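Novice: mmCIF, C-alpha atoms and all ligand atoms, file coords27.cif:
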```cif
data_target
#
loop_
_atom_site.label_atom_id
_atom_site.label_comp_id
_atom_site.auth_asym_id
_atom_site.auth_seq_id
_atom_site.Cartn_x
_atom_site.Cartn_y
_atom_site.Cartn_z
CA MET A 30 10.65 50.99 -56.65
CA LYS A 31 8.93 47.91 -57.97
CA ASN A 32 11.98 45.80 -57.21
CA THR A 33 12.26 46.75 -53.54
CA LYS A 34 8.61 45.86 -53.03
CA TRP A 35 9.24 42.39 -54.34
CA ILE A 36 12.25 42.02 -52.18
CA ARG A 37 10.24 43.06 -49.15
CA LEU A 38 7.51 40.59 -50.00
CA LEU A 39 10.08 37.86 -50.30
CA PHE A 40 11.61 38.81 -47.01
CA VAL A 41 8.45 38.35 -44.99
CA PRO A 42 7.99 34.62 -45.68
CA LEU A 43 11.71 34.07 -45.22
CA LEU A 44 11.57 35.61 -41.77
CA LEU A 45 8.54 33.47 -40.96
CA LEU A 46 10.41 30.41 -42.11
CA ALA A 47 13.36 31.34 -39.96
CA SER A 48 11.21 31.71 -36.88
CA CYS A 49 9.42 28.46 -37.70
CA GLY A 50 12.82 26.83 -37.81
CA ASP A 51 13.54 28.05 -34.29
CA ASN A 52 10.22 26.76 -33.07
CA LYS A 53 10.89 23.39 -34.62
CA LYS A 54 14.06 23.12 -32.60
CA ILE A 55 12.21 23.81 -29.38
CA ASP A 56 9.46 21.37 -30.34
CA ARG A 57 11.98 18.66 -30.98
CA ASP A 58 13.44 19.12 -27.48
CA VAL A 59 9.96 18.72 -26.04
CA VAL A 60 9.31 15.67 -28.20
CA ASP A 61 12.61 14.16 -27.08
CA GLN A 62 11.64 14.68 -23.45
CA VAL A 63 8.23 13.12 -23.94
CA ASN A 64 9.75 10.16 -25.73
CA LYS A 65 12.25 9.66 -22.97
CA ALA A 66 9.48 9.72 -20.37
CA ASN A 67 7.53 7.19 -22.41
CA GLU A 68 10.52 4.92 -22.64
CA VAL A 69 10.39 4.67 -18.84
CA LYS A 70 6.68 3.92 -19.09
CA LYS A 71 6.95 1.29 -21.80
CA VAL A 72 5.12 -1.15 -19.60
CA THR A 73 1.45 -1.97 -19.90
CA GLU A 74 -1.11 -1.36 -17.17
CA SER A 75 -1.53 -5.10 -16.66
CA GLU A 76 2.23 -5.57 -16.22
CA ILE A 77 2.14 -2.83 -13.57
CA THR A 78 -0.73 -4.56 -11.76
CA ASP A 79 1.05 -7.93 -11.92
CA TYR A 80 4.20 -6.43 -10.49
CA ALA A 81 2.25 -4.59 -7.76
CA MET A 82 0.71 -7.94 -6.76
CA LYS A 83 4.10 -9.62 -6.56
CA TRP A 84 5.68 -6.71 -4.71
CA GLY A 85 2.74 -6.45 -2.27
CA ASP A 86 3.10 -10.18 -1.52
CA GLU A 87 6.79 -9.70 -0.75
CA ILE A 88 6.29 -6.62 1.42
CA SER A 89 3.42 -8.11 3.43
CA GLN A 90 5.46 -11.27 3.93
CA GLU A 91 8.46 -9.28 5.12
CA ALA A 92 6.37 -7.17 7.53
CA GLN A 93 4.67 -10.29 8.88
CA VAL A 94 7.99 -12.05 9.53
CA GLU A 95 9.27 -8.94 11.37
CA LEU A 96 6.10 -8.67 13.48
CA ILE A 97 5.80 -12.36 14.38
CA GLY A 98 9.52 -12.62 15.18
CA ALA A 99 9.31 -9.63 17.52
CA LEU A 100 6.05 -10.91 19.06
CA GLN A 101 7.45 -14.36 19.80
CA LYS A 102 10.56 -12.89 21.34
CA ALA A 103 8.50 -10.50 23.48
CA ILE A 104 6.32 -13.39 24.74
CA GLU A 105 9.44 -15.45 25.60
CA ASP A 106 11.06 -12.53 27.42
CA LYS A 107 8.09 -10.96 29.17
CA GLY A 108 5.16 -13.37 29.01
CA VAL A 109 1.87 -12.68 27.25
CA PRO A 110 0.68 -9.64 29.30
CA GLY A 111 4.13 -8.07 28.96
CA ALA A 112 4.04 -8.66 25.21
CA ILE A 113 0.88 -6.53 25.02
CA ASP A 114 2.98 -3.56 26.19
CA PHE A 115 5.49 -4.46 23.53
CA CYS A 116 2.87 -4.63 20.73
CA HIS A 117 1.38 -1.38 21.98
CA LEU A 118 4.72 0.37 21.59
CA GLU A 119 6.27 -1.49 18.69
CA ALA A 120 3.68 -2.90 16.24
CA LEU A 121 3.14 0.33 14.31
CA PRO A 122 6.85 1.36 14.30
CA ILE A 123 7.84 -2.11 13.01
CA THR A 124 5.44 -1.88 10.05
CA LYS A 125 6.52 1.73 9.48
CA LYS A 126 10.16 0.67 9.27
CA VAL A 127 9.38 -1.88 6.54
CA ALA A 128 7.16 0.70 4.77
CA ASP A 129 9.86 3.41 4.79
CA LYS A 130 12.41 0.96 3.43
CA HIS A 131 10.22 0.41 0.34
CA ALA A 132 8.77 3.95 0.09
CA VAL A 133 5.22 2.62 0.48
CA ASN A 134 2.53 2.82 3.17
CA ILE A 135 1.63 -0.27 5.22
CA ARG A 136 -1.40 -0.76 7.44
CA ARG A 137 -3.09 -3.68 9.16
CA VAL A 138 -6.76 -2.89 9.38
CA SER A 139 -9.76 -4.64 10.90
CA VAL A 140 -13.45 -3.91 11.45
CA LYS A 141 -12.87 -5.27 14.96
CA ASN A 142 -9.68 -3.32 15.56
CA ARG A 143 -7.72 -3.12 18.78
CA ASN A 144 -5.76 0.04 18.04
CA PRO A 145 -8.12 2.82 16.83
CA GLU A 146 -5.48 3.73 14.22
CA ASN A 147 -6.17 0.41 12.52
CA SER A 148 -9.79 1.13 11.65
CA PRO A 149 -10.51 0.81 7.94
CA THR A 150 -11.31 3.53 5.39
CA ASP A 151 -14.49 3.10 3.32
CA MET A 152 -12.61 1.32 0.56
CA GLU A 153 -10.76 -0.91 3.05
CA LYS A 154 -14.08 -1.68 4.75
CA SER A 155 -15.65 -2.96 1.52
CA LEU A 156 -12.60 -5.12 0.81
CA LEU A 157 -12.76 -6.51 4.36
CA ASP A 158 -16.46 -7.29 3.82
CA ALA A 159 -15.58 -9.20 0.66
CA TYR A 160 -12.84 -11.17 2.45
CA ALA A 161 -15.21 -11.94 5.34
CA TYR A 162 -17.84 -13.17 2.89
CA ASN A 163 -15.28 -15.48 1.28
CA VAL A 164 -14.11 -16.87 4.63
CA GLU A 165 -17.72 -17.57 5.67
CA ASN A 166 -18.45 -19.29 2.37
CA GLU A 167 -15.14 -21.17 2.25
CA ILE A 168 -14.02 -19.39 -0.92
CA ASP A 169 -10.25 -18.96 -1.24
CA ASN A 170 -9.17 -15.42 -0.39
CA ARG A 171 -6.63 -14.16 -2.85
CA PRO A 172 -4.80 -10.84 -2.52
CA ASN A 173 -6.32 -7.94 -4.42
CA ILE A 174 -5.15 -4.79 -6.20
CA GLN A 175 -7.35 -1.68 -6.44
CA LYS A 176 -6.47 1.54 -8.23
CA THR A 177 -6.85 4.59 -5.99
CA GLU A 178 -6.10 8.30 -6.28
CA ASN A 179 -6.80 8.41 -10.04
CA GLY A 180 -4.63 5.38 -10.62
CA GLU A 181 -1.56 6.98 -9.03
CA VAL A 182 -1.62 4.56 -6.09
CA LEU A 183 -2.21 0.82 -6.23
CA LEU A 184 -3.77 -0.58 -3.09
CA TYR A 185 -2.62 -4.12 -2.35
CA THR A 186 -4.70 -5.99 0.24
CA LYS A 187 -4.38 -9.46 1.70
CA ALA A 188 -6.64 -11.17 4.21
CA ILE A 189 -5.23 -12.02 7.66
CA THR A 190 -6.91 -15.02 9.23
CA ILE A 191 -6.19 -16.44 12.68
CA PRO A 192 -3.72 -19.22 11.87
CA GLY A 193 -3.43 -20.81 15.29
CA GLY A 194 -3.49 -20.79 19.06
CA LEU A 195 -0.69 -18.25 19.54
CA CYS A 196 -2.97 -15.42 18.41
CA LEU A 197 -5.77 -16.51 20.72
CA ASN A 198 -3.64 -15.65 23.77
CA CYS A 199 -4.52 -12.04 22.98
CA HIS A 200 -7.43 -12.24 20.50
CA GLY A 201 -9.38 -15.26 21.83
CA GLU A 202 -12.06 -15.47 24.47
CA PRO A 203 -11.39 -13.78 27.85
CA GLY A 204 -11.42 -16.28 30.73
CA LYS A 205 -10.72 -19.08 28.25
CA GLU A 206 -7.71 -18.44 25.98
CA VAL A 207 -7.12 -14.89 27.22
CA SER A 208 -5.92 -14.89 30.84
CA ASP A 209 -7.25 -12.38 33.37
CA ALA A 210 -3.87 -10.62 33.54
CA THR A 211 -3.79 -10.29 29.74
CA PHE A 212 -7.40 -9.10 29.62
CA GLU A 213 -6.68 -6.41 32.25
CA LYS A 214 -3.65 -5.23 30.31
CA ILE A 215 -5.61 -5.03 27.05
CA LYS A 216 -8.45 -3.08 28.69
CA SER A 217 -6.03 -0.61 30.27
CA LEU A 218 -4.09 0.09 27.07
CA TYR A 219 -7.01 -0.20 24.61
CA PRO A 220 -10.25 0.91 26.30
CA ALA A 221 -12.10 0.70 22.94
CA ASP A 222 -10.70 -2.76 22.03
CA LYS A 223 -12.87 -4.84 19.69
CA ALA A 224 -10.30 -7.56 18.89
CA LEU A 225 -11.35 -10.34 21.30
CA GLY A 226 -13.46 -13.47 20.88
CA TYR A 227 -11.78 -14.79 17.73
CA LYS A 228 -11.50 -18.45 16.73
CA VAL A 229 -8.89 -20.18 14.55
CA GLY A 230 -9.65 -19.71 10.83
CA GLU A 231 -11.64 -16.49 11.28
CA LEU A 232 -10.82 -13.29 9.44
CA ARG A 233 -8.82 -11.05 11.79
CA GLY A 234 -8.20 -8.21 9.32
CA MET A 235 -6.06 -7.50 6.30
CA TRP A 236 -2.82 -6.05 5.12
CA SER A 237 -3.44 -2.79 3.28
CA ILE A 238 -0.39 -1.60 1.41
CA SER A 239 -0.48 1.56 -0.72
CA LEU A 240 2.03 1.28 -3.55
CA PRO A 241 2.66 4.55 -5.42
CA LYS A 242 2.53 3.68 -9.12
CA LYS A 243 5.81 5.48 -9.79
CA GLU A 244 7.56 3.33 -7.14
CA VAL A 245 6.07 0.19 -8.70
CA VAL A 246 7.32 1.19 -12.17
CA LYS A 247 10.70 2.21 -10.78
CA ASN A 248 11.16 -1.25 -9.29
CA MET A 249 10.04 -3.21 -12.37
C1 LIG A 301 0.83 -10.67 23.00
C2 LIG A 301 -0.52 -10.43 22.55
C3 LIG A 301 -0.82 -10.61 21.10
C4 LIG A 301 -0.69 -11.75 20.33
C5 LIG A 301 -0.15 -13.10 20.77
C6 LIG A 301 -1.20 -11.39 19.03
N1 LIG A 301 -1.61 -10.09 18.99
FE1 LIG A 301 -2.47 -9.14 17.43
N2 LIG A 301 -2.46 -7.42 18.47
C7 LIG A 301 -2.05 -7.28 19.78
C8 LIG A 301 -2.04 -5.87 20.13
C9 LIG A 301 -1.65 -5.29 21.48
C10 LIG A 301 -2.44 -5.18 18.98
C11 LIG A 301 -2.53 -3.67 18.80
C12 LIG A 301 -1.18 -3.20 18.25
C13 LIG A 301 -1.05 -1.69 18.11
O1 LIG A 301 -1.32 -0.97 19.07
O2 LIG A 301 -0.64 -1.25 17.02
C14 LIG A 301 -2.70 -6.17 17.97
C15 LIG A 301 -3.13 -5.89 16.68
C16 LIG A 301 -3.33 -6.80 15.69
C17 LIG A 301 -3.79 -6.48 14.36
C18 LIG A 301 -4.07 -5.08 13.79
C19 LIG A 301 -5.49 -4.70 13.84
C20 LIG A 301 -5.97 -4.26 15.20
O3 LIG A 301 -6.80 -4.98 15.76
O4 LIG A 301 -5.51 -3.22 15.71
C21 LIG A 301 -3.88 -7.66 13.69
C22 LIG A 301 -4.32 -7.84 12.25
C23 LIG A 301 -3.46 -8.70 14.58
N3 LIG A 301 -3.15 -8.15 15.81
C24 LIG A 301 -3.40 -10.03 14.25
C25 LIG A 301 -2.80 -10.99 15.05
C26 LIG A 301 -2.54 -12.36 14.63
C27 LIG A 301 -2.92 -12.93 13.27
C28 LIG A 301 -1.89 -12.98 15.66
C29 LIG A 301 -1.32 -14.37 15.69
C30 LIG A 301 -0.28 -14.64 14.70
C31 LIG A 301 -1.79 -12.00 16.73
N4 LIG A 301 -2.34 -10.83 16.33
C32 LIG A 301 -1.23 -12.28 17.97
C33 LIG A 301 -1.69 -8.30 20.64
C34 LIG A 301 -1.40 -9.58 20.23
#
```
Written as structure tokens, how would this file's structure read?
Specialist:
Amino acid sequence: MKNTKWIRLLFVPLLLLASCGDNKKIDRDVVDQVNKANEVKKVTESEITDYAMKWGDEISQEAQVELIGALQKAIEDKGVPGAIDFCHLEALPITKKVADKHAVNIRRVSVKNRNPENSPTDMEKSLLDAYAYNVENEIDNRPNIQKTENGEVLLYTKAITIPGGLCLNCHGEPGKEVSDATFEKIKSLYPADKALGYKVGELRGMWSISLPKKEVVKNM
């Protein structure tokens, strides 16, 4: 009798040990998975921000080249008023094409926007205010990265100033740089237009590119 009791007592811890052993195996799988995930993330936050800055520069450059190329061709083919129709139809799809290619979101926003879709969010508005302040005070405007959506999205922004006369054909002063025909066209397609009366060197708006952090890391 005594013996069996001892055996039973011995058995209990052994069974516990056995089940612990099983658990350990499961734990190790989980640990392996976590380690693997961390291997992917073995980059520091500042490296991610640096890369986002570089990538944002490249994407905004690419989108700008696409837009200006298409704009110049439209002006050559159809004249300035005709090119308004073109911008009306094609500006957003052109930026969307570049955005989809990189799995990011691209906007051009302005407090004095022509297309109502290009009006800024609160965060974009405060960045635009900062860029406008810098332009007025002749401080160099450098691109900026802000963390949004709990750090899951990095918002790259870059000021767009009016570089030269070409832009004034459609964003300058009506009756002066903007012809009557162009003005009529703008008013008919954009009844709420605010994007006239600009001068060379002024802040026109900014690129606002949302880079999902996982896409940034994937590309590093
Ligand atoms: C042929 C006329 C034309 C010319 C030239 C032109 N734009 Fe525009 N611009 C437009 C139109 C039309 C829109 C609205 C596009 C849309 O509906 O998405 C626009 C929109 C924009 C926007 C987006 C914000 C907003 O107001 O909706 C920016 C920024 C901009 N233009 C900057 C420029 C700059 C910088 C130049 C010179 C390099 C320029 N544009 C030359 C017609 C023109």
Novice: Please write out the residues within 7 Å of ligand LIG 301 (chain A) as number ranges by chain, counting all atoms listed in the file.
Specialist: A: 97, 100, 104, 109-110, 112-114, 116-118, 120-121, 137-139, 141-145, 147, 189-193, 195-200, 215, 224, 233-235
Novice: Create the file for the chosen residues now, containing C-alpha atoms and written as a PDB file, in the frame of the given file.
Specialist:
```pdb
ATOM      1  CA  ILE A  97       5.800 -12.360  14.380  1.00  0.00           C
ATOM      2  CA  LEU A 100       6.050 -10.910  19.060  1.00  0.00           C
ATOM      3  CA  ILE A 104       6.320 -13.390  24.740  1.00  0.00           C
ATOM      4  CA  VAL A 109       1.870 -12.680  27.250  1.00  0.00           C
ATOM      5  CA  PRO A 110       0.680  -9.640  29.300  1.00  0.00           C
ATOM      6  CA  ALA A 112       4.040  -8.660  25.210  1.00  0.00           C
ATOM      7  CA  ILE A 113       0.880  -6.530  25.020  1.00  0.00           C
ATOM      8  CA  ASP A 114       2.980  -3.560  26.190  1.00  0.00           C
ATOM      9  CA  CYS A 116       2.870  -4.630  20.730  1.00  0.00           C
ATOM     10  CA  HIS A 117       1.380  -1.380  21.980  1.00  0.00           C
ATOM     11  CA  LEU A 118       4.720   0.370  21.590  1.00  0.00           C
ATOM     12  CA  ALA A 120       3.680  -2.900  16.240  1.00  0.00           C
ATOM     13  CA  LEU A 121       3.140   0.330  14.310  1.00  0.00           C
ATOM     14  CA  ARG A 137      -3.090  -3.680   9.160  1.00  0.00           C
ATOM     15  CA  VAL A 138      -6.760  -2.890   9.380  1.00  0.00           C
ATOM     16  CA  SER A 139      -9.760  -4.640  10.900  1.00  0.00           C
ATOM     17  CA  LYS A 141     -12.870  -5.270  14.960  1.00  0.00           C
ATOM     18  CA  ASN A 142      -9.680  -3.320  15.560  1.00  0.00           C
ATOM     19  CA  ARG A 143      -7.720  -3.120  18.780  1.00  0.00           C
ATOM     20  CA  ASN A 144      -5.760   0.040  18.040  1.00  0.00           C
ATOM     21  CA  PRO A 145      -8.120   2.820  16.830  1.00  0.00           C
ATOM     22  CA  ASN A 147      -6.170   0.410  12.520  1.00  0.00           C
ATOM     23  CA  ILE A 189      -5.230 -12.020   7.660  1.00  0.00           C
ATOM     24  CA  THR A 190      -6.910 -15.020   9.230  1.00  0.00           C
ATOM     25  CA  ILE A 191      -6.190 -16.440  12.680  1.00  0.00           C
ATOM     26  CA  PRO A 192      -3.720 -19.220  11.870  1.00  0.00           C
ATOM     27  CA  GLY A 193      -3.430 -20.810  15.290  1.00  0.00           C
ATOM     28  CA  LEU A 195      -0.690 -18.250  19.540  1.00  0.00           C
ATOM     29  CA  CYS A 196      -2.970 -15.420  18.410  1.00  0.00           C
ATOM     30  CA  LEU A 197      -5.770 -16.510  20.720  1.00  0.00           C
ATOM     31  CA  ASN A 198      -3.640 -15.650  23.770  1.00  0.00           C
ATOM     32  CA  CYS A 199      -4.520 -12.040  22.980  1.00  0.00           C
ATOM     33  CA  HIS A 200      -7.430 -12.240  20.500  1.00  0.00           C
ATOM     34  CA  ILE A 215      -5.610  -5.030  27.050  1.00  0.00           C
ATOM     35  CA  ALA A 224     -10.300  -7.560  18.890  1.00  0.00           C
ATOM     36  CA  ARG A 233      -8.820 -11.050  11.790  1.00  0.00           C
ATOM     37  CA  GLY A 234      -8.200  -8.210   9.320  1.00  0.00           C
ATOM     38  CA  MET A 235      -6.060  -7.500   6.300  1.00  0.00           C
TER      39      MET A 235
END
```
Novice: Mind checking which residues fall within 7 Å of Val133 in chain A, counting all atoms listed in the file, ignoring those fewer than 3 positions away in the same chain, and posting them as a ChimeraX atom specification?
Specialist: /A:128-129,239-241
Novice: Counting only C-alpha atoms, which residue out of A:Leu183, A:Leu225, A:Val140, A:Asp56 sits closest to Ser208 in chain A?
Specialist: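 Checking each of A:Leu183, A:Leu225, A:Val140, A:Asp56 against Ser208 in chain A, counting only C-alpha atoms, the winner is A:Leu225.
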Novice: What's around Lys247 in chain A at 12 Å? Count all atoms listed in the file, leave out sequence neighbours fewer than 6 positions away in its own chain, and write the answer as a ChimeraX atom specification.
Specialist: /A:69-72,77,80-81,84,131-132,240-241
Novice: At what distance in Å, to one decimal, does CA of Pro122 in chain A lie from CA of Val182 in chain A?
Specialist: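 Computing it gives 22.3 Å between the two atoms.
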Novice: Pick the closest to Ile123 in chain A from A:Glu178, A:Glu153, A:Asp158, A:Glu95: which is it, counting all atoms listed in the file?
Specialist: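 Closest to Ile123 in chain A, using all atoms listed in the file: A:Glu95.
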Novice: Select, from A:Asp86, A:Glu231, A:Glu146, A:Asp79, the residue with the minimum atom-to-atom distance to Pro172 in chain A, counting all atoms listed in the file.
Specialist: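 Residue with the minimum atom-to-atom distance to Pro172 in chain A: A:Asp86.
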Novice: Specify the axis-aligned box that encloses all atoms of range 129-145 of chain A listed in the file after padding of 5 Å on each side, stating its centre and edge lengths in Å to one decimal as lines of an AutoDock Vina configuration file.
Specialist:
```
center_x = -0.5
center_y = -0.7
center_z = 9.4
size_x = 35.9
size_y = 19.2
size_z = 28.7
```
Novice: Identify which of the residues A:Tyr219, A:Trp236, A:Tyr227, A:Phe115 lies closest to Gln101 in chain A, counting all atoms listed in the file when measuring atom-to-atom distances.
Specialist: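 Closest to Gln101 in chain A, using all atoms listed in the file: A:Phe115.
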Novice: To one decimal place, how far is CA of Ala159 in chain A from CA of Gln175 in chain A in Å?
Specialist: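 Distance between the two atoms: 13.2 Å.
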Novice: Record the distance separating CA of Ala99 in chain A and CA of Asp209 in chain A, expressed in Å with one decimal.
Specialist: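 That distance, rounded to one decimal, is 23.1 Å.
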Novice: Select, from A:Ser148, A:Asn134, A:Thr73, A:Asn179, the residue with the minimum atom-to-atom distance to Glu244 in chain A, counting all atoms listed in the file.
Specialist: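 Checking each of A:Ser148, A:Asn134, A:Thr73, A:Asn179 against Glu244 in chain A, counting all atoms listed in the file, the winner is A:Asn134.
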Novice: So which one's closest to Arg171 in chain A, A:Met249, A:Lys187, A:Asp222, A:Glu76? Using all atoms listed in the file, please.
Specialist: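 Checking each of A:Met249, A:Lys187, A:Asp222, A:Glu76 against Arg171 in chain A, counting all atoms listed in the file, the winner is A:Lys187.
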Novice: So that I can see what lies close to Gly85 in chain A, please list as a list of chain:residue names the residues with an atom at most 8 Å from it, counting all atoms listed in the file and leaving out residues fewer than 5 positions away in the same chain.
Specialist: A:Tyr185, A:Thr186, A:Ile238, A:Leu240
